[in-house]
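Visitor: I am sharing protein_36.txt, which consists of compact mmCIF, C-alpha atoms:
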# COMPACT_ATOMS: atom_id res chain seq x y z
CA MET A 11 6.08 -8.46 -7.58
CA PRO A 12 4.95 -10.51 -4.60
CA PRO A 13 6.42 -13.95 -4.06
CA ASP A 14 4.48 -17.02 -2.93
CA GLY A 15 3.29 -17.88 0.56
CA ASN A 16 3.11 -15.44 3.43
CA SER A 17 4.37 -12.48 1.48
CA LEU A 18 1.75 -12.98 -1.20
CA LEU A 19 -1.07 -13.16 1.35
CA THR A 20 0.25 -10.08 3.14
CA TRP A 21 0.47 -8.24 -0.15
CA ILE A 22 -3.09 -9.15 -1.03
CA GLY A 23 -4.32 -7.92 2.35
CA ILE A 24 -2.43 -4.65 2.23
CA MET A 25 -3.30 -3.86 -1.37
CA GLY A 26 -6.98 -4.60 -0.83
CA ASN A 27 -7.03 -6.92 -3.80
CA GLN A 28 -9.48 -9.79 -3.84
CA LEU A 29 -8.20 -12.98 -2.28
CA TYR A 30 -9.10 -16.15 -4.15
CA TYR A 31 -9.29 -19.74 -3.02
CA GLU A 32 -6.45 -20.63 -5.33
CA ASP A 33 -4.19 -18.11 -3.57
CA ILE A 34 -4.44 -19.93 -0.28
CA VAL A 35 -1.58 -22.05 0.99
CA PRO A 36 -2.20 -23.87 4.31
CA CYS A 37 0.05 -22.93 7.23
CA THR A 38 0.57 -19.40 5.95
CA ASN A 39 -0.23 -16.40 8.09
CA ILE A 40 -2.95 -13.91 7.43
CA THR A 41 -2.26 -10.20 7.57
CA PRO A 42 -2.06 -9.11 11.25
CA LEU A 43 -4.08 -6.19 12.58
CA VAL A 44 -2.89 -4.07 15.51
CA LYS A 45 -5.39 -2.11 17.57
CA HIS A 46 -4.91 0.38 20.39
CA PRO A 47 -8.20 0.62 22.28
CA ASP A 48 -8.36 3.43 24.83
CA THR A 49 -10.99 4.33 27.40
CA THR A 50 -12.80 6.53 24.89
CA GLY A 51 -12.96 3.53 22.58
CA LEU A 52 -14.46 1.43 25.35
CA VAL A 53 -17.17 4.04 25.90
CA MET A 54 -17.87 4.05 22.16
CA TRP A 55 -18.17 0.28 22.22
CA ALA A 56 -20.46 0.40 25.25
CA GLY A 57 -22.71 2.80 23.36
CA ALA A 58 -22.64 0.76 20.16
CA SER A 59 -23.18 -2.60 21.80
CA GLY A 60 -25.27 -1.72 24.84
CA ASP A 61 -22.75 -3.53 27.05
CA TYR A 62 -22.60 -1.20 30.03
CA ASN A 63 -20.93 -3.65 32.38
CA PRO A 64 -19.09 -1.23 34.75
CA ILE A 65 -15.90 -3.32 34.69
CA HIS A 66 -15.27 -1.66 31.33
CA TYR A 67 -15.49 1.99 32.42
CA ASP A 68 -15.57 2.31 36.23
CA LYS A 69 -12.11 1.74 37.69
CA ASP A 70 -13.32 1.74 41.32
CA TYR A 71 -15.97 -0.84 40.47
CA ALA A 72 -13.43 -2.98 38.59
CA LEU A 73 -10.97 -2.85 41.51
CA ALA A 74 -13.72 -3.68 44.01
CA HIS A 75 -14.56 -6.75 41.93
CA GLY A 76 -11.01 -8.08 42.01
CA LEU A 77 -9.86 -6.83 38.63
CA PRO A 78 -6.60 -4.90 38.16
CA GLY A 79 -8.50 -2.05 36.48
CA VAL A 80 -11.01 -1.52 33.71
CA ILE A 81 -10.71 -4.09 30.97
CA VAL A 82 -11.45 -4.11 27.26
CA HIS A 83 -14.79 -5.69 26.33
CA GLY A 84 -14.14 -9.22 25.13
CA GLN A 85 -16.53 -8.78 22.23
CA LEU A 86 -14.75 -5.63 21.08
CA ALA A 87 -11.49 -7.57 20.90
CA ALA A 88 -13.38 -10.36 19.12
CA CYS A 89 -14.62 -7.82 16.58
CA PHE A 90 -11.01 -6.73 16.02
CA LEU A 91 -10.31 -10.34 15.05
CA GLY A 92 -13.38 -10.23 12.82
CA GLN A 93 -12.03 -7.09 11.17
CA MET A 94 -8.67 -8.76 10.58
CA ILE A 95 -10.48 -11.54 8.74
CA THR A 96 -12.82 -9.34 6.70
CA ASP A 97 -9.92 -7.05 5.71
CA TRP A 98 -8.02 -10.11 4.54
CA ILE A 99 -10.76 -11.93 2.60
CA GLY A 100 -11.67 -8.89 0.49
CA LYS A 101 -15.03 -7.71 -0.77
CA GLU A 102 -16.21 -11.06 -2.07
CA GLY A 103 -15.08 -13.17 0.86
CA ILE A 104 -17.65 -14.22 3.46
CA LEU A 105 -17.12 -15.00 7.12
CA LYS A 106 -19.11 -18.17 7.79
CA GLU A 107 -18.12 -19.31 11.28
CA PHE A 108 -16.30 -17.57 14.08
CA SER A 109 -15.45 -19.01 17.51
CA ILE A 110 -13.54 -17.30 20.28
CA ASN A 111 -12.39 -18.26 23.75
CA TYR A 112 -11.60 -15.36 26.06
CA ARG A 113 -8.43 -16.47 27.84
CA GLY A 114 -7.08 -13.30 29.35
CA MET A 115 -7.74 -9.63 29.81
CA ASN A 116 -6.81 -6.72 27.62
CA PHE A 117 -6.38 -3.28 29.10
CA PRO A 118 -7.08 0.11 27.55
CA GLY A 119 -3.92 1.86 26.40
CA GLU A 120 -2.25 -1.41 25.48
CA ALA A 121 -1.88 -2.76 21.98
CA ILE A 122 -3.89 -5.78 20.85
CA THR A 123 -2.34 -7.64 17.96
CA CYS A 124 -4.69 -9.85 15.97
CA ARG A 125 -3.13 -12.77 14.17
CA GLY A 126 -4.22 -15.81 12.25
CA THR A 127 -3.01 -18.70 10.19
CA VAL A 128 -4.58 -20.91 7.56
CA THR A 129 -5.17 -24.43 8.82
CA ARG A 130 -7.04 -25.99 5.92
CA LYS A 131 -8.66 -25.33 2.56
CA TYR A 132 -11.46 -27.51 1.24
CA ILE A 133 -14.52 -27.59 -0.96
CA GLU A 134 -17.89 -28.44 0.56
CA ASN A 135 -21.31 -28.13 -1.09
CA ASP A 136 -19.63 -26.34 -4.00
CA LYS A 137 -18.28 -23.68 -1.64
CA HIS A 138 -14.58 -22.91 -1.41
CA LEU A 139 -13.80 -22.85 2.28
CA VAL A 140 -10.74 -21.88 4.26
CA ALA A 141 -10.34 -22.72 7.94
CA LEU A 142 -8.33 -20.38 10.15
CA LYS A 143 -6.80 -20.41 13.58
CA ILE A 144 -7.03 -16.92 15.03
CA TRP A 145 -5.81 -15.25 18.17
CA ALA A 146 -5.12 -11.89 19.81
CA GLU A 147 -2.00 -11.03 21.76
CA ASN A 148 -1.43 -8.38 24.38
CA ALA A 149 1.72 -6.27 24.61
CA LYS A 150 3.51 -9.14 26.39
CA GLU A 151 2.66 -11.45 23.46
CA GLU A 152 0.31 -13.45 25.68
CA LYS A 153 -2.72 -14.86 23.91
CA THR A 154 -5.78 -13.20 25.39
CA LEU A 155 -8.26 -14.52 22.82
CA SER A 156 -7.98 -17.61 20.71
CA GLY A 157 -10.30 -19.32 18.33
CA THR A 158 -11.12 -20.50 14.87
CA ALA A 159 -12.97 -19.24 11.84
CA VAL A 160 -14.16 -20.52 8.48
CA VAL A 161 -14.44 -18.24 5.48
CA ILE A 162 -15.85 -18.70 1.99
CA LEU A 163 -13.66 -17.37 -0.80
CA PRO A 164 -14.39 -16.87 -4.47
CA ALA A 165 -12.61 -19.17 -6.89
CA ARG A 166 -11.09 -18.11 -10.16
CA ASN A 167 -12.41 -21.19 -11.95
CA MET B 4 -19.04 -11.71 45.51
CA ALA B 5 -20.10 -15.33 45.22
CA VAL B 6 -23.28 -16.35 43.50
CA THR B 7 -26.14 -17.05 45.92
CA SER B 8 -28.40 -20.10 45.87
CA GLN B 9 -31.32 -17.85 44.99
CA GLN B 10 -29.50 -16.40 42.00
CA ILE B 11 -28.60 -19.90 40.83
CA GLU B 12 -32.22 -20.98 41.17
CA GLU B 13 -33.46 -17.96 39.19
CA ILE B 14 -31.03 -18.61 36.34
CA ASN B 15 -31.78 -22.33 36.30
CA LYS B 16 -35.47 -21.53 35.85
CA ARG B 17 -34.60 -19.79 32.59
CA ILE B 18 -33.01 -22.82 30.94
CA GLY B 19 -34.79 -23.59 27.68
CA VAL B 20 -37.23 -20.70 28.00
CA ALA B 21 -36.96 -18.24 25.10
CA ASP B 22 -37.11 -14.55 25.98
CA THR B 23 -39.69 -12.28 24.40
CA PRO B 24 -38.27 -11.57 20.92
CA LEU B 25 -36.50 -8.25 20.42
CA VAL B 26 -37.09 -6.43 17.16
CA TYR B 27 -34.37 -4.20 15.72
CA ASP B 28 -34.96 -1.81 12.83
CA ILE B 29 -31.46 -1.64 11.46
CA GLU B 30 -30.57 1.92 10.54
CA LYS B 31 -27.44 3.17 8.84
CA GLY B 32 -26.46 5.02 12.00
CA MET B 33 -26.55 1.85 14.09
CA ILE B 34 -24.16 0.08 11.72
CA LYS B 35 -21.94 3.16 11.52
CA CYS B 36 -21.83 3.39 15.30
CA PHE B 37 -20.67 -0.25 15.36
CA THR B 38 -17.97 0.16 12.69
CA CYS B 39 -16.72 3.40 14.32
CA ALA B 40 -16.44 1.69 17.69
CA VAL B 41 -14.46 -1.15 16.14
CA GLY B 42 -12.44 1.29 14.03
CA ASP B 43 -13.32 -0.66 10.90
CA ILE B 44 -13.35 1.64 7.88
CA ASN B 45 -13.51 -1.03 5.19
CA ALA B 46 -15.36 0.21 2.09
CA LYS B 47 -17.25 -3.07 1.92
CA TRP B 48 -19.54 -1.82 4.71
CA GLN B 49 -21.19 0.48 2.19
CA SER B 50 -23.19 -1.14 -0.62
CA ASP B 51 -23.36 0.05 -4.22
CA ASP B 52 -26.96 1.18 -3.64
CA ASN B 53 -25.86 3.37 -0.71
CA LYS B 54 -26.99 1.08 2.07
CA ALA B 55 -24.86 0.35 5.10
CA VAL B 56 -23.69 -3.26 5.26
CA ALA B 57 -23.05 -4.69 8.70
CA PRO B 58 -19.79 -6.53 9.42
CA PRO B 59 -20.45 -10.21 10.08
CA THR B 60 -19.68 -9.79 13.78
CA PHE B 61 -22.50 -7.24 14.13
CA PRO B 62 -25.03 -9.85 15.39
CA LEU B 63 -22.85 -10.35 18.48
CA ILE B 64 -24.34 -7.20 19.99
CA LEU B 65 -27.97 -8.04 19.30
CA GLY B 66 -29.72 -9.17 22.45
CA PHE B 67 -26.44 -9.55 24.31
CA ASP B 68 -27.00 -6.53 26.57
CA ARG B 69 -30.45 -7.72 27.61
CA MET B 70 -29.20 -11.20 28.46
CA ILE B 71 -26.36 -9.84 30.58
CA GLN B 72 -28.72 -7.51 32.43
CA GLU B 73 -31.14 -10.33 33.09
CA LEU B 74 -28.41 -12.61 34.40
CA ASN B 75 -27.30 -9.87 36.80
CA MET B 76 -30.70 -8.51 37.84
CA ASP B 77 -29.56 -7.03 41.15
CA SER B 78 -26.16 -5.89 39.77
CA THR B 79 -24.22 -7.63 42.53
CA LEU B 80 -22.29 -10.07 40.36
CA THR B 81 -19.19 -9.71 38.25
CA ILE B 82 -19.68 -11.03 34.74
CA LEU B 83 -16.84 -12.04 32.49
CA HIS B 84 -17.12 -13.37 28.98
CA GLY B 85 -16.05 -16.99 28.48
CA SER B 86 -16.60 -17.74 24.84
CA THR B 87 -18.40 -16.73 21.67
CA ASN B 88 -19.45 -18.89 18.77
CA LEU B 89 -21.05 -17.26 15.76
CA GLU B 90 -22.56 -18.82 12.66
CA CYS B 91 -23.31 -16.31 9.91
CA TYR B 92 -26.01 -17.22 7.40
CA ARG B 93 -26.89 -13.96 5.69
CA SER B 94 -25.61 -10.43 5.59
CA ILE B 95 -27.39 -7.55 7.29
CA VAL B 96 -28.00 -4.22 5.57
CA SER B 97 -29.64 -0.99 6.68
CA GLY B 98 -33.38 -1.21 6.24
CA ASP B 99 -33.54 -4.77 7.56
CA THR B 100 -35.79 -5.60 10.46
CA LEU B 101 -34.25 -8.26 12.65
CA THR B 102 -35.96 -10.42 15.20
CA VAL B 103 -33.77 -11.75 17.96
CA THR B 104 -34.63 -14.48 20.45
CA SER B 105 -32.38 -15.54 23.28
CA THR B 106 -32.44 -18.64 25.46
CA VAL B 107 -30.31 -19.83 28.34
CA THR B 108 -29.12 -23.26 27.29
CA GLY B 109 -27.15 -24.42 30.31
CA VAL B 110 -25.78 -23.54 33.73
CA ARG B 111 -22.77 -25.13 35.37
CA GLU B 112 -21.70 -24.38 38.94
CA ARG B 113 -18.11 -24.30 40.03
CA GLU B 114 -16.78 -23.92 43.54
CA GLY B 115 -13.87 -21.51 43.79
CA GLU B 116 -11.80 -19.82 46.48
CA LYS B 117 -14.30 -16.99 46.76
CA GLY B 118 -17.41 -19.15 46.59
CA LYS B 119 -19.56 -20.40 43.77
CA SER B 120 -19.24 -19.16 40.24
CA LEU B 121 -21.58 -19.96 37.40
CA PHE B 122 -20.84 -20.78 33.79
CA VAL B 123 -23.96 -19.82 31.87
CA THR B 124 -24.40 -20.68 28.21
CA PHE B 125 -27.01 -18.99 26.08
CA GLU B 126 -27.87 -18.78 22.43
CA ILE B 127 -29.22 -15.89 20.43
CA LYS B 128 -30.99 -16.49 17.12
CA CYS B 129 -31.40 -13.71 14.63
CA SER B 130 -33.73 -13.71 11.62
CA ASN B 131 -34.70 -11.02 9.13
CA GLN B 132 -37.96 -9.55 7.85
CA ARG B 133 -38.28 -12.45 5.39
CA GLN B 134 -38.05 -14.90 8.29
CA GLU B 135 -34.70 -16.06 6.95
CA PRO B 136 -32.08 -17.06 9.51
CA VAL B 137 -29.32 -14.45 9.67
CA ALA B 138 -27.08 -15.62 12.50
CA LEU B 139 -26.85 -17.96 15.46
CA CYS B 140 -24.70 -16.89 18.34
CA ARG B 141 -23.77 -19.11 21.29
CA GLN B 142 -22.19 -17.37 24.24
CA MET B 143 -20.78 -18.40 27.59
CA ALA B 144 -20.65 -15.97 30.50
CA ILE B 145 -18.91 -16.49 33.84
CA LEU B 146 -20.71 -15.04 36.86
CA TYR B 147 -19.15 -14.72 40.30
So, in terms of structure tokens, how does the structure I just supplied come out?

Guide:
Amino acid sequence: MPPDGNSLLTWIGIMGNQLYYEDIVPCTNITPLVKHPDTTGLVMWAGASGDYNPIHYDKDYALAHGLPGVIVHGQLAACFLGQMITDWIGKEGILKEFSINYRGMNFPGEAITCRGTVTRKYIENDKHLVALKIWAENAKEEKTLSGTAVVILPARN
Amino acid sequence: MAVTSQQIEEINKRIGVADTPLVYDIEKGMIKCFTCAVGDINAKWQSDDNKAVAPPTFPLILGFDRMIQELNMDSTLTILHGSTNLECYRSIVSGDTLTVTSTVTGVREREGEKGKSLFVTFEIKCSNQRQEPVALCRQMAILY
């Protein structure tokens, strides 16, 4: 049986059970998500999003523009963070607000670890809200994206 | 390559002027293409009545490509993404028709070692076939 706090929230995320407002304890971590985007993935994202900026697929172009190589689309990494949240909040949870600052570059072939923590829970206009701090780390554990989100969770009562 | 005065002038002219709206007929395949690219296989992206449900971050891609192309008309600039702010009002399902309008909201110049760079903010509003607001996305791009 899961204990309280972090372990409970991790258990809920992994098991795919619905997370409820009452389950939330501020300062606990949400279930991390690790992604491994490769160059094929970047091409898929370019096709899906229409973002054909050559810095994401043309190494010569990227080098000529002062970059160390092709880089992962910021919005793809942001969507990884979005996935971490939607995996965690379950079917009935709703992502309401989502803000990201792009602080560093991610490179294909390197892991991106999405993380988050609960900063606050509150009720507003009869909605049960949970505020999150979210970020993504590269393989060196440097934060390459950071931001905040607010989700709406169902309540048991 | 640094931003030229002419490029700055062109972008400044766009401040507050909404682009021609884009209309997207949201098909299952478009949503699937998005979830595949993200690698998001959550069952919640399929509704009980067999429609595809878009993840809440889906509106980030609507109109974004056009704005980036317009900011870099002659393809001489490097564009990096500075920030994203998304407010989600309603979910999107296959069969929806979305109307997307985008507007440059501000331009800030910054002098760097390699010349001028620009911080351009723009917002993209998305509504559905019932004229209900679906999402508001504010973005900041860095051009140099």

Visitor: Need to verify the contact set: region 35-42 of chain B, 8 Å, all atoms listed in the file, exclusion of same-chain residues closer than 2 positions in sequence. Can you return it as JSON, numbers by chain?

Guide: {"A": [51, 52, 54, 55, 58, 59, 86, 89, 90], "B": [31, 32, 33, 44, 55, 58, 61]}

Visitor: Neighbours of region 6-22 of chain B within 8 Å (only C-alpha atoms; same-chain residues fewer than 2 positions away dropped), as an mmCIF file with C-alpha atoms, in the coordinates of the input?

Guide:
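out.cif, freshly written:
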data_model
loop_
_atom_site.group_PDB
_atom_site.id
_atom_site.type_symbol
_atom_site.label_atom_id
_atom_site.label_comp_id
_atom_site.auth_asym_id
_atom_site.auth_seq_id
_atom_site.Cartn_x
_atom_site.Cartn_y
_atom_site.Cartn_z
ATOM 1 C CA MET B 4 -19.040 -11.710 45.510
ATOM 2 C CA PRO B 24 -38.270 -11.570 20.920
ATOM 3 C CA LEU B 74 -28.410 -12.610 34.400
ATOM 4 C CA LEU B 80 -22.290 -10.070 40.360
ATOM 5 C CA THR B 104 -34.630 -14.480 20.450
ATOM 6 C CA SER B 105 -32.380 -15.540 23.280
ATOM 7 C CA THR B 106 -32.440 -18.640 25.460
ATOM 8 C CA VAL B 107 -30.310 -19.830 28.340
ATOM 9 C CA THR B 108 -29.120 -23.260 27.290
ATOM 10 C CA GLY B 109 -27.150 -24.420 30.310
ATOM 11 C CA VAL B 110 -25.780 -23.540 33.730
ATOM 12 C CA GLY B 118 -17.410 -19.150 46.590
ATOM 13 C CA LYS B 119 -19.560 -20.400 43.770
ATOM 14 C CA SER B 120 -19.240 -19.160 40.240
ATOM 15 C CA LEU B 121 -21.580 -19.960 37.400
ATOM 16 C CA LEU B 146 -20.710 -15.040 36.860
ATOM 17 C CA TYR B 147 -19.150 -14.720 40.300
#

Visitor: Of the candidates B:Ile95, B:Ile29, B:Leu65, B:Leu101, which one gets nearest to chain A if we count all atoms listed in the file?

Guide: B:Leu65

Visitor: One decimal, in Å: what's the spacing between CA of Thr87 (chain B) and CA of Gly84 (chain A)?

Guide: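 Between CA of Thr87 (chain B) and CA of Gly84 (chain A) the gap works out to 9.3 Å.
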
Visitor: Find, counting all atoms listed in the file, the residue in B:Arg133, B:Arg141, B:Lys54, B:Arg111 that gets nearest to chain A.

Guide: B:Arg141

Visitor: With a cut-off of 6 Å, could you pull out the residues of chain A touching chain B and give me the nearest pair of atoms for each, distance in Å to one decimal, using all atoms listed in the file, ordered by chain and ascending number, as JSON lines?

Guide:
{"residue": "A:Met54", "atom": "CA", "partner": "B:Ala40", "partner_atom": "CA", "distance": 5.3}
{"residue": "A:Trp55", "atom": "CA", "partner": "B:Ala40", "partner_atom": "CA", "distance": 5.0}
{"residue": "A:Ala58", "atom": "CA", "partner": "B:Phe37", "partner_atom": "CA", "distance": 5.3}
{"residue": "A:Ser59", "atom": "CA", "partner": "B:Ile64", "partner_atom": "CA", "distance": 5.1}
{"residue": "A:Gly60", "atom": "CA", "partner": "B:Asp68", "partner_atom": "CA", "distance": 5.4}
{"residue": "A:Asp61", "atom": "CA", "partner": "B:Asp68", "partner_atom": "CA", "distance": 5.2}
{"residue": "A:Lys101", "atom": "CA", "partner": "B:Lys47", "partner_atom": "CA", "distance": 5.8}
{"residue": "A:Lys106", "atom": "CA", "partner": "B:Cys91", "partner_atom": "CA", "distance": 5.1}
{"residue": "A:Glu107", "atom": "CA", "partner": "B:Glu90", "partner_atom": "CA", "distance": 4.7}
{"residue": "A:Phe108", "atom": "CA", "partner": "B:Leu89", "partner_atom": "CA", "distance": 5.0}
{"residue": "A:Ser109", "atom": "CA", "partner": "B:Asn88", "partner_atom": "CA", "distance": 4.2}
{"residue": "A:Ile110", "atom": "CA", "partner": "B:Thr87", "partner_atom": "CA", "distance": 5.1}
{"residue": "A:Asn111", "atom": "CA", "partner": "B:Ser86", "partner_atom": "CA", "distance": 4.4}
{"residue": "A:Tyr112", "atom": "CA", "partner": "B:Gly85", "partner_atom": "CA", "distance": 5.3}

Visitor: Please, what distance in Å, to one decimal, runs between CA of Asp33 (chain A) and CA of Gln93 (chain A)?

Guide: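 Straight-line distance from CA of Asp33 (chain A) to CA of Gln93 (chain A) works out to 20.0 Å.
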
Visitor: Using only C-alpha atoms, list the residues that have an atom at most 8 Å from (-10.5, -4.2, 23.2), coordinates as in the file, as a ChimeraX atom specification.

Guide: /A:45-47,52,81-88,90,116-118,122

Visitor: Tell me, in Å to one decimal, how far CA of Met76 (chain B) is from CA of Tyr71 (chain A).

Guide: 16.8 Å

Visitor: Mind checking which residues fall within 9 Å of Ala146 (chain A), counting all atoms listed in the file, ignoring those fewer than 2 positions away in the same chain, and posting them as an mmCIF file with C-alpha atoms, keeping the file's coordinate frame?

Guide:
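part17.cif written:
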data_model
loop_
_atom_site.group_PDB
_atom_site.id
_atom_site.type_symbol
_atom_site.label_atom_id
_atom_site.label_comp_id
_atom_site.auth_asym_id
_atom_site.auth_seq_id
_atom_site.Cartn_x
_atom_site.Cartn_y
_atom_site.Cartn_z
ATOM 1 C CA ALA A 87 -11.490 -7.570 20.900
ATOM 2 C CA ALA A 88 -13.380 -10.360 19.120
ATOM 3 C CA PHE A 90 -11.010 -6.730 16.020
ATOM 4 C CA LEU A 91 -10.310 -10.340 15.050
ATOM 5 C CA ILE A 122 -3.890 -5.780 20.850
ATOM 6 C CA THR A 123 -2.340 -7.640 17.960
ATOM 7 C CA CYS A 124 -4.690 -9.850 15.970
ATOM 8 C CA ARG A 125 -3.130 -12.770 14.170
ATOM 9 C CA GLY A 126 -4.220 -15.810 12.250
ATOM 10 C CA ILE A 144 -7.030 -16.920 15.030
ATOM 11 C CA ASN A 148 -1.430 -8.380 24.380
ATOM 12 C CA GLU A 151 2.660 -11.450 23.460
ATOM 13 C CA GLU A 152 0.310 -13.450 25.680
ATOM 14 C CA LYS A 153 -2.720 -14.860 23.910
ATOM 15 C CA THR A 154 -5.780 -13.200 25.390
ATOM 16 C CA LEU A 155 -8.260 -14.520 22.820
ATOM 17 C CA SER A 156 -7.980 -17.610 20.710
#

Visitor: From the set A:Cys37, A:Ile162, A:Ala121, A:Leu77, which residue has the shortest atom-to-atom contact distance to Asn135 (chain A), counting all atoms listed in the file?

Guide: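 Closest to Asn135 (chain A) of all the choices is A:Ile162.
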
Visitor: Find, counting all atoms listed in the file, the residue in B:Ser97, B:Thr102, B:Thr124, B:Asn53 that gets nearest to Ile145 (chain B).

Guide: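 Residue with the minimum atom-to-atom distance to Ile145 (chain B): B:Thr124.
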
Visitor: In terms of the shortest atom-to-atom distance over all atoms listed in the file, which of B:Ala5, B:Met70, B:Val96, B:Val56 is closest to Gln132 (chain B)?

Guide: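 Closest to Gln132 (chain B) of all the choices is B:Val96.
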
Visitor: Ranking A:Ile65, A:Ala149, A:Ala74, A:Ala165 by minimum distance to Val44 (chain A) and counting all atoms listed in the file, which one comes first?

Guide: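 Closest to Val44 (chain A), using all atoms listed in the file: A:Ala149.
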
Visitor: Please, which residues are within 10 Å of (-2.2, -18.2, 8.7) by the file's coordinates, counting only C-alpha atoms, and could they come as an NGL selection string?

Guide: :A and (15-16 or 19 or 34-42 or 125-130 or 141-144)

Visitor: Restore N, CA, C and O atoms in region 43-59 of chain B and list the result as a compact mmCIF listing (two decimals), in the frame of the given file.

Guide:
# COMPACT_ATOMS: atom_id res chain seq x y z
N ASP B 43 -13.36 0.12 12.15
CA ASP B 43 -13.32 -0.66 10.90
C ASP B 43 -13.85 0.22 9.76
O ASP B 43 -15.06 0.44 9.66
N ILE B 44 -12.95 0.69 8.92
CA ILE B 44 -13.35 1.64 7.88
C ILE B 44 -13.39 0.99 6.50
O ILE B 44 -13.35 1.67 5.47
N ASN B 45 -13.51 -0.32 6.47
CA ASN B 45 -13.51 -1.03 5.19
C ASN B 45 -14.66 -0.54 4.29
O ASN B 45 -15.80 -0.43 4.74
N ALA B 46 -14.35 -0.29 3.03
CA ALA B 46 -15.36 0.21 2.09
C ALA B 46 -16.47 -0.81 1.85
O ALA B 46 -17.55 -0.45 1.36
N LYS B 47 -16.21 -2.06 2.19
CA LYS B 47 -17.25 -3.07 1.92
C LYS B 47 -18.46 -2.90 2.83
O LYS B 47 -19.49 -3.53 2.62
N TRP B 48 -18.38 -2.04 3.83
CA TRP B 48 -19.54 -1.82 4.71
C TRP B 48 -20.49 -0.76 4.16
O TRP B 48 -21.36 -0.27 4.83
N GLN B 49 -20.26 -0.42 2.90
CA GLN B 49 -21.19 0.48 2.19
C GLN B 49 -21.52 -0.21 0.87
O GLN B 49 -20.63 -0.60 0.13
N SER B 50 -22.81 -0.42 0.60
CA SER B 50 -23.19 -1.14 -0.62
C SER B 50 -23.24 -0.18 -1.80
O SER B 50 -23.24 1.04 -1.65
N ASP B 51 -23.32 -0.77 -3.01
CA ASP B 51 -23.36 0.05 -4.22
C ASP B 51 -24.64 0.89 -4.28
O ASP B 51 -24.68 1.94 -4.91
N ASP B 52 -25.70 0.40 -3.62
CA ASP B 52 -26.96 1.18 -3.64
C ASP B 52 -27.09 2.05 -2.38
O ASP B 52 -28.20 2.36 -1.94
N ASN B 53 -25.93 2.41 -1.82
CA ASN B 53 -25.86 3.37 -0.71
C ASN B 53 -26.52 2.89 0.59
O ASN B 53 -26.99 3.70 1.38
N LYS B 54 -26.56 1.59 0.78
CA LYS B 54 -26.99 1.08 2.07
C LYS B 54 -25.76 0.79 2.92
O LYS B 54 -24.67 0.57 2.39
N ALA B 55 -25.95 0.78 4.22
CA ALA B 55 -24.86 0.35 5.10
C ALA B 55 -24.93 -1.17 5.22
O ALA B 55 -26.01 -1.74 5.37
N VAL B 56 -23.79 -1.80 5.12
CA VAL B 56 -23.69 -3.26 5.26
C VAL B 56 -23.02 -3.54 6.60
O VAL B 56 -21.99 -2.95 6.92
N ALA B 57 -23.61 -4.42 7.38
CA ALA B 57 -23.05 -4.69 8.70
C ALA B 57 -21.91 -5.70 8.61
O ALA B 57 -22.02 -6.69 7.87
N PRO B 58 -20.82 -5.47 9.33
CA PRO B 58 -19.79 -6.53 9.42
C PRO B 58 -20.42 -7.81 9.98
O PRO B 58 -21.41 -7.75 10.71
N PRO B 59 -19.84 -8.95 9.65
CA PRO B 59 -20.45 -10.21 10.08
C PRO B 59 -20.50 -10.40 11.60
O PRO B 59 -21.30 -11.20 12.09
